$ cat coords.cif   # mmCIF, C-alpha atoms
data_run
#
loop_
_atom_site.label_atom_id
_atom_site.label_comp_id
_atom_site.auth_asym_id
_atom_site.auth_seq_id
_atom_site.Cartn_x
_atom_site.Cartn_y
_atom_site.Cartn_z
CA MET I 374 -9.91 55.83 6.10
CA HIS I 375 -7.62 54.55 3.37
CA TYR I 376 -6.08 56.82 0.78
CA GLY I 377 -4.09 56.18 -2.37
CA ARG I 378 -1.24 58.29 -3.63
CA ASP I 379 -3.66 60.97 -4.80
CA GLY I 380 -5.80 60.88 -1.65
CA ALA I 381 -6.43 63.70 0.78
CA ALA I 382 -3.96 62.23 3.26
CA ASP I 383 -1.09 63.37 1.02
CA SER I 384 -1.43 66.78 2.64
CA VAL I 385 -0.10 65.26 5.86
CA ALA I 386 3.34 64.85 4.32
CA THR I 387 3.66 68.58 3.57
CA ARG I 388 2.91 69.82 7.09
CA ASN I 389 6.02 71.09 8.84
CA ASP I 390 5.50 73.35 11.85
CA GLU I 391 7.80 73.59 14.84
CA ASN I 392 5.94 70.92 16.82
CA THR I 393 5.83 68.39 14.02
CA MET I 394 8.17 65.41 14.18
CA ARG I 395 8.91 63.24 11.16
CA ILE I 396 9.11 59.63 12.28
CA LEU I 397 10.25 56.65 10.20
CA MET I 398 8.93 53.32 11.48
CA SER I 399 10.55 50.08 10.32
CA LEU I 400 9.08 46.59 10.71
CA THR I 401 8.85 43.39 8.67
CA TYR I 402 5.07 43.08 8.25
CA TYR I 403 2.38 45.76 8.17
CA ARG I 404 -1.24 45.83 7.09
CA PRO I 405 -2.99 43.83 5.77
CA ASN I 406 -0.95 41.37 7.85
CA VAL I 407 -2.43 40.89 11.33
CA SER I 408 -0.23 40.37 14.39
CA GLY I 409 0.29 42.00 17.75
CA LEU I 410 3.37 43.81 16.43
CA THR I 411 1.51 45.09 13.36
CA ILE I 412 -1.40 46.33 15.46
CA TYR I 413 0.97 48.04 17.89
CA VAL I 414 2.73 50.00 15.13
CA GLU I 415 -0.57 50.76 13.37
CA ARG I 416 -2.10 52.23 16.53
CA LEU I 417 1.01 54.18 17.49
CA SER I 418 1.44 55.59 13.98
CA ALA I 419 -2.20 56.62 13.58
CA LYS I 420 -2.28 58.36 16.96
CA LEU I 421 0.95 60.22 16.21
CA VAL I 422 -0.55 61.43 12.93
CA GLU I 423 -3.66 62.58 14.84
CA ARG I 424 -1.35 64.67 17.02
CA GLY I 425 0.12 66.38 13.98
CA HIS I 426 3.26 64.35 13.31
CA ILE I 427 4.39 62.85 10.00
CA VAL I 428 4.82 59.07 10.05
CA THR I 429 6.21 56.76 7.39
CA VAL I 430 6.14 52.98 7.80
CA LEU I 431 8.87 51.05 5.97
CA THR I 432 7.93 47.40 5.55
CA ALA I 433 8.03 44.40 3.23
CA GLN I 434 5.83 43.96 0.19
CA HIS I 435 5.03 40.49 1.49
CA ASP I 436 2.27 40.09 -1.11
CA PRO I 437 3.08 41.20 -4.70
CA ALA I 438 -0.48 42.51 -5.03
CA LEU I 439 0.17 45.19 -2.39
CA ALA I 440 0.98 48.73 -3.47
CA ILE I 441 4.60 49.83 -3.20
CA GLU I 442 3.41 53.06 -1.61
CA GLN I 443 0.08 54.16 -0.17
CA TYR I 444 -1.49 56.04 2.74
CA ILE I 445 -3.43 54.17 5.41
CA ASP I 446 -5.20 56.29 8.04
CA GLY I 447 -2.88 59.20 7.24
CA VAL I 448 0.25 57.07 7.59
CA ARG I 449 2.53 56.78 4.57
CA VAL I 450 3.37 53.11 3.95
CA VAL I 451 6.41 52.29 1.81
CA ARG I 452 6.82 48.62 0.91
CA VAL I 453 10.09 47.10 -0.31
CA PRO I 454 9.73 44.23 -2.80
CA ALA I 455 10.55 40.86 -1.24
CA PRO I 456 11.21 38.38 -4.06
CA PHE I 457 12.39 35.64 -1.66
CA THR I 458 11.44 34.33 1.76
CA ILE I 459 13.16 32.13 4.34
CA GLY I 460 10.52 30.63 6.59
CA LYS I 461 8.50 33.61 7.83
CA ALA I 462 11.12 36.17 6.80
CA PRO I 463 10.77 38.08 3.52
CA LEU I 464 14.13 39.04 2.00
CA MET I 465 14.36 42.59 0.64
CA PRO I 466 17.49 43.28 -1.50
CA ARG I 467 16.65 47.01 -1.81
CA TYR I 468 15.89 47.52 1.85
CA ALA I 469 19.15 49.26 2.83
CA ASP I 470 18.95 51.78 -0.01
CA THR I 471 15.33 52.57 0.74
CA ALA I 472 15.97 52.88 4.48
CA TYR I 473 18.79 55.38 3.94
CA ARG I 474 16.75 57.46 1.48
CA LEU I 475 13.85 57.67 3.92
CA ALA I 476 16.05 58.21 6.99
CA LYS I 477 17.36 61.42 5.41
CA GLU I 478 13.76 62.69 5.13
CA HIS I 479 12.87 62.07 8.79
CA ASP I 480 13.89 63.30 12.24
CA VAL I 481 14.11 59.93 13.95
CA VAL I 482 14.34 56.28 12.87
CA HIS I 483 12.16 53.97 14.97
CA MET I 484 12.68 50.24 14.47
CA HIS I 485 10.41 47.47 15.68
CA LEU I 486 12.11 44.18 16.41
CA PRO I 487 12.33 41.31 15.73
CA GLN I 488 13.26 42.23 12.17
CA LEU I 489 16.11 40.68 10.21
CA GLU I 490 16.90 43.97 8.43
CA ALA I 491 16.68 46.18 11.54
CA SER I 492 20.45 46.61 11.76
CA LEU I 493 20.35 48.03 8.22
CA ALA I 494 17.73 50.58 9.28
CA ALA I 495 19.80 51.47 12.33
CA ALA I 496 22.92 51.88 10.21
CA ALA I 497 20.93 54.00 7.73
CA GLY I 498 19.77 56.24 10.56
CA LYS I 499 23.30 56.66 11.87
CA GLN I 500 24.66 57.33 8.38
CA ALA I 501 21.96 59.98 7.87
CA GLY I 502 22.84 61.57 11.22
CA LYS I 503 19.45 60.78 12.79
CA PRO I 504 18.69 59.37 16.27
CA VAL I 505 17.78 55.71 16.35
CA LEU I 506 15.08 54.23 18.60
CA LEU I 507 14.28 50.54 18.97
CA THR I 508 11.08 49.04 20.35
CA TYR I 509 11.73 45.42 21.24
CA HIS I 510 8.48 43.53 20.90
CA CYS I 511 9.72 40.03 21.67
CA ASP I 512 12.50 37.50 21.37
CA LEU I 513 12.40 35.21 18.36
CA GLN I 514 12.08 31.50 19.03
CA LEU I 515 11.17 29.41 16.01
CA PRO I 516 10.11 25.74 16.17
CA ALA I 517 12.75 23.03 16.55
CA GLY I 518 15.01 22.29 13.61
CA LEU I 519 18.58 22.95 12.51
CA ILE I 520 17.59 25.58 9.93
CA ASN I 521 15.40 27.42 12.43
CA ARG I 522 18.13 27.39 15.06
CA GLY I 523 20.52 28.91 12.55
CA PHE I 524 17.94 31.52 11.65
CA ASP I 525 17.36 32.34 15.33
CA ALA I 526 21.11 32.84 15.80
CA GLY I 527 21.30 35.10 12.76
CA VAL I 528 18.39 37.25 13.93
CA TYR I 529 19.86 37.50 17.44
CA ALA I 530 23.17 38.72 15.98
CA ALA I 531 21.31 41.29 13.86
CA ASN I 532 19.23 42.37 16.86
CA TYR I 533 22.33 42.74 19.02
CA THR I 534 23.95 44.92 16.36
CA THR I 535 20.77 47.00 16.23
CA GLY I 536 20.73 47.35 20.01
CA THR I 537 24.33 48.51 19.95
CA LEU I 538 23.51 51.17 17.34
CA ALA I 539 20.28 52.31 19.00
CA ASP I 540 20.27 55.41 21.18
CA ARG I 541 17.37 54.09 23.30
CA ILE I 542 15.39 50.86 23.56
CA VAL I 543 11.71 50.61 24.52
CA ALA I 544 10.36 47.54 26.33
CA TYR I 545 6.71 46.84 27.15
CA THR I 546 7.48 45.93 30.76
CA GLN I 547 10.48 45.82 33.10
CA ASP I 548 9.58 42.18 33.75
CA TYR I 549 10.26 41.25 30.13
CA ALA I 550 13.35 43.48 29.92
CA ASP I 551 14.83 41.71 32.95
CA HIS I 552 14.38 38.26 31.38
CA SER I 553 15.06 38.81 27.68
CA PRO I 554 18.54 37.55 26.68
CA LEU I 555 18.91 40.55 24.37
CA LEU I 556 17.48 43.33 26.53
CA ARG I 557 19.59 42.26 29.51
CA ARG I 558 22.63 43.28 27.46
CA PHE I 559 21.48 46.92 27.31
CA PRO I 560 20.10 47.84 30.76
CA ASP I 561 21.22 51.48 30.54
CA LYS I 562 19.30 52.07 27.31
CA ILE I 563 15.90 50.76 28.42
CA ASN I 564 12.74 52.89 28.59
CA VAL I 565 9.58 51.08 29.66
CA ILE I 566 6.48 52.32 27.82
CA LYS I 567 3.18 50.47 28.09
CA PRO I 568 1.78 49.33 24.73
CA PRO I 569 -1.00 51.26 22.96
CA VAL I 570 -4.32 49.56 23.69
CA ILE I 571 -7.61 50.66 22.13
CA GLN I 572 -10.87 48.83 22.77
CA ASP I 573 -14.35 50.24 23.25
CA PRO I 574 -16.83 47.90 24.97
CA PRO I 575 -19.68 46.29 23.03
CA THR I 576 -23.37 47.03 23.43
CA ASN I 577 -25.76 44.36 24.68
CA ASP I 578 -27.29 44.13 21.21
CA GLU I 579 -23.88 43.57 19.62
CA VAL I 580 -23.09 40.78 22.07
CA ALA I 581 -26.49 39.16 21.46
CA ALA I 582 -25.95 39.27 17.69
CA PHE I 583 -22.51 37.67 18.03
CA GLU I 584 -23.90 34.92 20.26
CA ALA I 585 -26.67 34.22 17.75
CA ARG I 586 -24.24 34.22 14.81
CA PHE I 587 -22.03 31.55 16.38
CA GLU I 588 -24.84 29.70 18.13
CA LEU I 589 -23.41 30.20 21.59
CA GLY I 590 -25.55 28.56 24.23
CA ASN I 591 -26.03 29.05 27.96
CA GLY I 592 -22.79 27.37 29.00
CA PRO I 593 -19.50 29.18 29.58
CA VAL I 594 -17.58 30.35 26.52
CA LEU I 595 -13.78 30.44 26.32
CA GLY I 596 -12.01 32.60 23.77
CA PHE I 597 -8.68 32.75 21.99
CA ALA I 598 -7.64 35.94 20.18
CA SER I 599 -4.47 35.25 18.20
CA ARG I 600 -2.92 33.84 15.08
CA LEU I 601 -2.86 30.05 14.87
CA ALA I 602 0.88 29.84 15.50
CA THR I 603 3.20 27.43 17.30
CA GLU I 604 4.25 29.85 20.03
CA LYS I 605 0.61 30.45 21.01
CA GLY I 606 0.28 27.00 22.63
CA ILE I 607 -3.28 26.44 21.39
CA GLU I 608 -2.91 22.67 21.83
CA TYR I 609 -2.77 23.05 25.62
CA GLY I 610 -6.17 24.72 25.57
CA ILE I 611 -7.55 21.81 23.57
CA GLN I 612 -5.92 19.26 25.87
CA ALA I 613 -7.56 20.95 28.88
CA LEU I 614 -11.04 20.38 27.44
CA PRO I 615 -11.64 16.83 28.80
CA ILE I 616 -11.07 18.07 32.36
CA LEU I 617 -13.18 21.19 31.84
CA LEU I 618 -16.08 19.36 30.20
CA GLU I 619 -16.54 17.23 33.30
CA ARG I 620 -17.16 20.42 35.29
CA PHE I 621 -18.82 22.48 32.52
CA PRO I 622 -20.57 20.09 30.09
CA SER I 623 -21.95 22.94 27.93
CA LEU I 624 -18.61 24.73 27.53
CA GLN I 625 -17.80 26.20 24.10
CA VAL I 626 -14.69 27.79 22.57
CA VAL I 627 -14.41 30.60 20.00
CA PHE I 628 -11.09 31.20 18.24
CA ALA I 629 -10.80 34.74 16.83
CA GLY I 630 -7.89 35.37 14.50
CA PRO I 631 -6.16 34.07 11.36
CA TYR I 632 -6.13 30.28 11.26
CA LYS I 633 -5.72 29.49 7.57
CA ASN I 634 -2.63 30.24 5.50
CA VAL I 635 -0.70 31.71 8.44
CA VAL I 636 2.86 32.17 7.18
CA GLY I 637 5.10 29.27 8.24
CA GLU I 638 2.41 27.47 10.26
CA THR I 639 1.05 24.80 7.89
CA GLU I 640 2.34 21.89 9.96
CA TYR I 641 1.07 23.42 13.18
CA ARG I 642 -2.39 23.96 11.73
CA GLU I 643 -2.51 20.32 10.65
CA LYS I 644 -1.50 19.26 14.16
CA ILE I 645 -4.23 21.40 15.72
CA GLU I 646 -6.85 20.05 13.31
CA ARG I 647 -5.96 16.48 14.32
CA ILE I 648 -6.20 16.95 18.07
CA LEU I 649 -9.27 19.15 17.73
CA GLU I 650 -11.31 16.51 15.91
CA PRO I 651 -13.16 15.16 19.01
CA TYR I 652 -14.27 18.69 19.96
CA ARG I 653 -15.44 20.08 16.62
CA ASP I 654 -19.00 20.40 17.89
CA ARG I 655 -18.02 22.95 20.53
CA TRP I 656 -15.14 24.81 18.83
CA MET I 657 -15.79 27.73 16.44
CA PHE I 658 -13.25 29.46 14.22
CA ALA I 659 -14.51 33.05 13.89
CA GLY I 660 -11.71 34.25 11.61
CA THR I 661 -10.09 37.67 11.86
CA LEU I 662 -12.33 40.12 13.71
CA GLN I 663 -11.94 43.90 13.77
CA GLY I 664 -13.72 46.91 15.17
CA ARG I 665 -17.14 46.23 16.64
CA GLU I 666 -16.94 42.52 15.80
CA LEU I 667 -13.91 42.16 18.04
CA ALA I 668 -15.63 44.07 20.84
CA SER I 669 -18.64 41.75 20.48
CA PHE I 670 -16.35 38.73 20.72
CA TYR I 671 -14.84 39.97 23.98
CA GLY I 672 -18.30 40.66 25.33
CA ALA I 673 -19.65 37.25 24.33
CA ILE I 674 -16.91 35.15 25.94
CA ASP I 675 -16.64 34.50 29.67
CA LEU I 676 -12.88 34.14 29.70
CA LEU I 677 -9.95 34.88 27.37
CA LEU I 678 -7.12 32.36 27.21
CA MET I 679 -3.49 33.39 26.74
CA THR I 680 -1.69 30.06 26.40
CA SER I 681 1.63 31.24 24.90
CA ILE I 682 4.60 28.99 25.56
CA ASN I 683 7.77 31.00 24.91
CA SER I 684 9.30 34.47 24.84
CA THR I 685 8.09 35.13 21.30
CA GLU I 686 5.13 36.47 23.29
CA SER I 687 6.10 39.44 25.45
CA PHE I 688 2.77 40.86 26.62
CA GLY I 689 -0.41 40.08 24.71
CA LEU I 690 -2.37 43.24 23.85
CA VAL I 691 -5.54 41.18 23.61
CA GLN I 692 -5.49 40.61 27.37
CA VAL I 693 -6.00 44.30 28.07
CA GLU I 694 -8.56 44.58 25.25
CA ALA I 695 -10.60 41.81 26.89
CA MET I 696 -10.31 43.42 30.31
CA LEU I 697 -11.56 46.73 28.92
CA CYS I 698 -14.68 44.83 27.86
CA GLY I 699 -15.13 43.31 31.33
CA THR I 700 -13.71 39.88 30.44
CA PRO I 701 -11.12 38.20 32.70
CA VAL I 702 -8.04 36.36 31.45
CA VAL I 703 -6.10 33.20 32.20
CA SER I 704 -2.51 33.60 31.05
CA THR I 705 0.69 31.60 31.25
CA ASN I 706 3.48 32.54 33.64
CA LEU I 707 5.76 34.05 31.01
CA PRO I 708 7.76 37.25 31.66
CA GLY I 709 5.71 40.16 30.34
CA VAL I 710 2.70 37.99 29.49
CA ARG I 711 1.83 37.66 33.18
CA GLN I 712 1.86 41.42 33.70
CA PRO I 713 -1.71 42.38 32.65
CA VAL I 714 -3.18 39.91 35.15
CA SER I 715 -0.60 40.82 37.80
CA MET I 716 -1.26 44.54 37.40
CA THR I 717 -5.07 44.29 37.45
CA GLY I 718 -5.95 41.13 39.37
CA MET I 719 -8.37 40.37 36.57
CA GLY I 720 -7.60 36.69 36.07
CA GLU I 721 -5.30 33.81 36.91
CA ILE I 722 -1.71 32.99 35.97
CA VAL I 723 -0.94 29.34 35.20
CA SER I 724 2.07 27.18 34.40
CA ILE I 725 3.54 27.24 30.90
CA ALA I 726 2.68 24.36 28.51
CA ASP I 727 0.64 22.63 31.22
CA SER I 728 -2.93 21.71 30.31
CA ALA I 729 -3.80 20.55 33.86
CA SER I 730 -2.67 23.87 35.37
CA LEU I 731 -4.56 25.71 32.63
CA ALA I 732 -7.74 23.77 33.39
CA THR I 733 -7.41 24.60 37.10
CA GLY I 734 -7.00 28.31 36.38
CA ILE I 735 -9.99 28.31 34.03
CA GLU I 736 -12.17 26.52 36.58
CA LYS I 737 -11.23 29.04 39.29
CA VAL I 738 -12.29 32.01 37.18
CA LEU I 739 -15.46 30.45 35.77
CA SER I 740 -16.55 29.30 39.24
CA ASN I 741 -16.23 32.76 40.80
CA PRO I 742 -16.26 35.43 38.03
CA ASP I 743 -17.20 38.32 40.35
CA ALA I 744 -13.88 37.94 42.17
CA TYR I 745 -12.04 38.84 38.97
CA PHE I 746 -14.12 41.80 37.83
CA ARG I 747 -12.58 45.28 37.75
CA PRO I 748 -14.27 48.49 36.51
CA ARG I 749 -13.33 49.54 33.00
CA GLU I 750 -12.14 52.92 34.29
CA GLU I 751 -9.59 51.19 36.50
CA ILE I 752 -8.15 49.20 33.59
CA ALA I 753 -8.13 52.25 31.31
CA GLU I 754 -6.19 54.23 33.90
CA ILE I 755 -3.54 51.53 34.25
CA PHE I 756 -3.14 51.23 30.47
CA SER I 757 -3.65 54.82 29.40
CA LEU I 758 -3.39 55.24 25.63
CA ASP I 759 -2.80 58.99 25.93
CA GLN I 760 0.06 58.39 28.34
CA THR I 761 1.64 55.87 25.98
CA ILE I 762 1.58 58.31 23.05
CA THR I 763 2.81 61.15 25.27
CA ASP I 764 5.69 58.99 26.51
CA TYR I 765 6.73 58.26 22.92
CA GLU I 766 6.46 61.93 21.94
CA SER I 767 8.65 62.88 24.87
CA LEU I 768 11.23 60.23 23.99
CA TYR I 769 11.31 61.22 20.31
CA GLY I 770 11.68 64.88 21.26
CA ASP I 771 14.52 64.15 23.66
CA LEU I 772 16.39 62.05 21.09
CA ILE I 773 15.97 64.69 18.38
CA ALA I 774 17.10 67.48 20.72
CA ARG I 775 20.18 65.54 21.76
CA LYS I 776 21.08 64.85 18.15
CA SER I 777 20.35 68.37 16.92
CA PRO I 778 20.54 70.81 19.86
CA GLY I 779 18.22 73.76 19.45
CA LYS I 780 15.90 72.01 16.97
CA ARG I 781 13.22 71.38 19.61
#
$ encode --input "coords.cif" --output "structure tokens"
Amino acid sequence: MHYGRDGAADSVATRNDENTMRILMSLTYYRPNVSGLTIYVERLSAKLVERGHIVTVLTAQHDPALAIEQYIDGVRVVRVPAPFTIGKAPLMPRYADTAYRLAKEHDVVHMHLPQLEASLAAAAGKQAGKPVLLTYHCDLQLPAGLINRGFDAGVYAANYTTGTLADRIVAYTQDYADHSPLLRRFPDKINVIKPPVIQDPPTNDEVAAFEARFELGNGPVLGFASRLATEKGIEYGIQALPILLERFPSLQVVFAGPYKNVVGETEYREKIERILEPYRDRWMFAGTLQGRELASFYGAIDLLLMTSINSTESFGLVQVEAMLCGTPVVSTNLPGVRQPVSMTGMGEIVSIADSASLATGIEKVLSNPDAYFRPREEIAEIFSLDQTITDYESLYGDLIARKSPGKR
């Protein structure tokens, strides 16, 4: 449910019993933007509100049409105007002031990196006398180019400052923490908390309707669930098609996610459109799917592809979502990204940026799907949403107690 300033969700902000924690989340993009980081914070925030906590999300007004302040699913969203952008990064001149004002109103400041302004939020939290928590979602690695390299260096410096100021740092997996250039600098601050994954399986009727809508035939169907972005390595999936079509002549591909007007990806989209031209008859762009549509997508495909090529990808929530719907995964051998398959056995891990290796992994799974099936209950136990939220509650409570003994 979505509420405006006068909506019923306003009552959430006035609740203040002894078990209630007031949490300030900070990240660059929030809804209606769609990304793994956005979805992570959205799910975490909504579940914390369900458990009786007060959550405010501080983010960029990346579209001038968006409200400066509103409630979304009980979560207060405060957007800072961003009159300028550099590449994918909105610049927010009033961010520091807003972060300090909000930090004073909350018990803990929780930043989600990468974010250029995260060090300002950390400093605001420290200045306000509040504990500072950092969840590190991924390294930043922009496409080649002198300007992008300079931007990468600037963000790394800001992230390092934030890590220094943070009381604790959350990583998705120890695997990623061990390999990230930034996280390796702070081994004594790391807490590993599995990401919040929510995905109910589709019904047979929903899957049938999806198949009819996109005219999916009797051959195997591959799926992508991501933004059309450089780090996703979509081209390697396309380049694997000639090999796969020899073995599976009726193979089709469905791409679920934003593919038009993705910030900073115009050149990449044009590249993908060029190399995709010979396969237009078997490639469908489904657009951004949510709720039951997304469940139907996972149920309609035979295999999800995770073709990411660098450490901008640290896990891939969509892998677990697919597994919860009974769909196996082929993922690249990146730290963190390889963990869902490694932990469940529900797929194959292939070489990075290697279309031949990708084709081999796909053929293995499609040729023997029963070998990669795991019961939904088994996947749900490994990636327990309740445990994730409980782990965060415990960490928040510990940080608040250490900062203000006797408060909790």
$ resolve_selection --input "coords.cif" --expression "the PyMOL selection byres ((chain I and resi 758) around 10)" --output "PyMOL selection string"
chain I and resi 416-417+420+567-571+753-757+759-764
$ closest_residue --input "coords.cif" --among "I:Val594, I:Ala774, I:Ala602, I:Ala729" --to "Ser623 of chain I" --atoms "all atoms listed in the file"
I:Val594
$ closest_residue --input "coords.cif" --among "I:Leu677, I:Ile459, I:Ile607, I:Leu410" --to "Tyr509 of chain I" --atoms "only C-alpha atoms"
I:Leu410
$ resolve_selection --input "coords.cif" --expression "the PyMOL selection byres ((chain I and resi 751) around 12)" --output "number ranges by chain"
I: 693, 696-699, 716-719, 746-750, 752-757
$ atom_distance --input "coords.cif" --atom1 "atom CA of Val703 of chain I" --atom2 "atom CA of Gly720 of chain I"
5.4 Å
$ resolve_selection --input "coords.cif" --expression "the PyMOL selection byres ((chain I and resi 618) around 12)" --output "NGL selection string"
:I and (592-595 or 611-617 or 619-626 or 652 or 655 or 732 or 735-736)
$ write_last_selection --input "coords.cif" --atoms "C-alpha atoms" --output "PDB file, keeping the file's coordinate frame"
ATOM      1  CA  GLY I 592     -22.790  27.370  29.000  1.00  0.00           C
ATOM      2  CA  PRO I 593     -19.500  29.180  29.580  1.00  0.00           C
ATOM      3  CA  VAL I 594     -17.580  30.350  26.520  1.00  0.00           C
ATOM      4  CA  LEU I 595     -13.780  30.440  26.320  1.00  0.00           C
ATOM      5  CA  ILE I 611      -7.550  21.810  23.570  1.00  0.00           C
ATOM      6  CA  GLN I 612      -5.920  19.260  25.870  1.00  0.00           C
ATOM      7  CA  ALA I 613      -7.560  20.950  28.880  1.00  0.00           C
ATOM      8  CA  LEU I 614     -11.040  20.380  27.440  1.00  0.00           C
ATOM      9  CA  PRO I 615     -11.640  16.830  28.800  1.00  0.00           C
ATOM     10  CA  ILE I 616     -11.070  18.070  32.360  1.00  0.00           C
ATOM     11  CA  LEU I 617     -13.180  21.190  31.840  1.00  0.00           C
ATOM     12  CA  GLU I 619     -16.540  17.230  33.300  1.00  0.00           C
ATOM     13  CA  ARG I 620     -17.160  20.420  35.290  1.00  0.00           C
ATOM     14  CA  PHE I 621     -18.820  22.480  32.520  1.00  0.00           C
ATOM     15  CA  PRO I 622     -20.570  20.090  30.090  1.00  0.00           C
ATOM     16  CA  SER I 623     -21.950  22.940  27.930  1.00  0.00           C
ATOM     17  CA  LEU I 624     -18.610  24.730  27.530  1.00  0.00           C
ATOM     18  CA  GLN I 625     -17.800  26.200  24.100  1.00  0.00           C
ATOM     19  CA  VAL I 626     -14.690  27.790  22.570  1.00  0.00           C
ATOM     20  CA  TYR I 652     -14.270  18.690  19.960  1.00  0.00           C
ATOM     21  CA  ARG I 655     -18.020  22.950  20.530  1.00  0.00           C
ATOM     22  CA  ALA I 732      -7.740  23.770  33.390  1.00  0.00           C
ATOM     23  CA  ILE I 735      -9.990  28.310  34.030  1.00  0.00           C
ATOM     24  CA  GLU I 736     -12.170  26.520  36.580  1.00  0.00           C
TER      25      GLU I 736
END
$ closest_residue --input "coords.cif" --among "I:Ala673, I:Val428, I:Met679, I:Leu506" --to "Ala585 of chain I" --atoms "all atoms listed in the file"
I:Ala673
$ atom_distance --input "coords.cif" --atom1 "atom CA of Asn577 of chain I" --atom2 "atom CA of Leu690 of chain I"
23.4 Å
$ residues_around --input "coords.cif" --residues "Leu731 of chain I" --least-positions-apart "5" --cutoff "9 Å" --atoms "only C-alpha atoms" --output "list in words"
Tyr609, Gly610, Ala613, Leu678, Thr680, Val703, Ser704, Thr705, Ile722, Val723, Ser724, Ile725, Ala726 and Glu736 of chain I
$ atom_distance --input "coords.cif" --atom1 "atom CA of Tyr545 of chain I" --atom2 "atom CA of Tyr444 of chain I"
27.3 Å
$ closest_residue --input "coords.cif" --among "I:Ile674, I:Leu707, I:Ile773, I:Met465" --to "Cys511 of chain I" --atoms "all atoms listed in the file"
I:Leu707
$ residues_around --input "coords.cif" --residues "Glu686 of chain I" --least-positions-apart "3" --cutoff "7 Å" --atoms "all atoms listed in the file" --output "PyMOL selection string"
chain I and resi 511+681+683+689+710
$ closest_residue --input "coords.cif" --among "I:Glu478, I:Ala526, I:Tyr473, I:Val450" --to "Arg395 of chain I" --atoms "only C-alpha atoms"
I:Glu478
$ axis_aligned_box --input "coords.cif" --around "segment 749-754 of chain I" --padding-each-side "8 Å" --output "JSON"
{"center_x": -9.8, "center_y": 51.7, "center_z": 33.9, "size_x": 23.1, "size_y": 21.0, "size_z": 21.2}
$ decode --input "coords.cif" --residues "segment 665-708 of chain I" --atoms "C-alpha atoms" --output "compact mmCIF listing (two decimals), in the first residue's frame"
# COMPACT_ATOMS: atom_id res chain seq x y z
CA ARG I 665 2.78 -12.58 -9.47
CA GLU I 666 4.15 -11.69 -12.92
CA LEU I 667 7.68 -12.26 -11.68
CA ALA I 668 6.70 -15.56 -10.08
CA SER I 669 5.11 -16.62 -13.38
CA PHE I 670 8.32 -15.72 -15.21
CA TYR I 671 10.40 -17.92 -12.90
CA GLY I 672 7.92 -20.74 -13.33
CA ALA I 673 7.85 -20.44 -17.12
CA ILE I 674 11.62 -20.55 -17.69
CA ASP I 675 13.70 -23.72 -17.48
CA LEU I 676 16.87 -21.99 -16.37
CA LEU I 677 17.90 -18.57 -15.04
CA LEU I 678 21.17 -17.07 -16.28
CA MET I 679 23.43 -14.98 -14.06
CA THR I 680 26.13 -13.80 -16.46
CA SER I 681 27.64 -10.94 -14.42
CA ILE I 682 31.25 -10.11 -15.21
CA ASN I 683 32.66 -8.07 -12.31
CA SER I 684 32.38 -7.34 -8.60
CA THR I 685 29.62 -4.78 -9.12
CA GLU I 686 27.54 -7.94 -8.65
CA SER I 687 28.00 -9.43 -5.19
CA PHE I 688 25.24 -12.04 -4.95
CA GLY I 689 22.20 -11.83 -7.21
CA LEU I 690 18.93 -12.03 -5.24
CA VAL I 691 17.17 -13.27 -8.36
CA GLN I 692 19.05 -16.55 -8.15
CA VAL I 693 17.39 -17.46 -4.87
CA GLU I 694 14.02 -16.17 -6.11
CA ALA I 695 14.25 -18.53 -9.09
CA MET I 696 15.28 -21.45 -6.88
CA LEU I 697 12.29 -20.84 -4.61
CA CYS I 698 10.14 -21.33 -7.72
CA GLY I 699 11.91 -24.59 -8.61
CA THR I 700 14.11 -23.10 -11.35
CA PRO I 701 17.85 -23.87 -11.47
CA VAL I 702 20.55 -21.31 -12.21
CA VAL I 703 23.76 -21.02 -14.20
CA SER I 704 25.97 -18.33 -12.69
CA THR I 705 29.45 -17.00 -13.26
CA ASN I 706 32.31 -17.82 -10.91
CA LEU I 707 32.37 -14.45 -9.16
CA PRO I 708 32.90 -14.13 -5.39
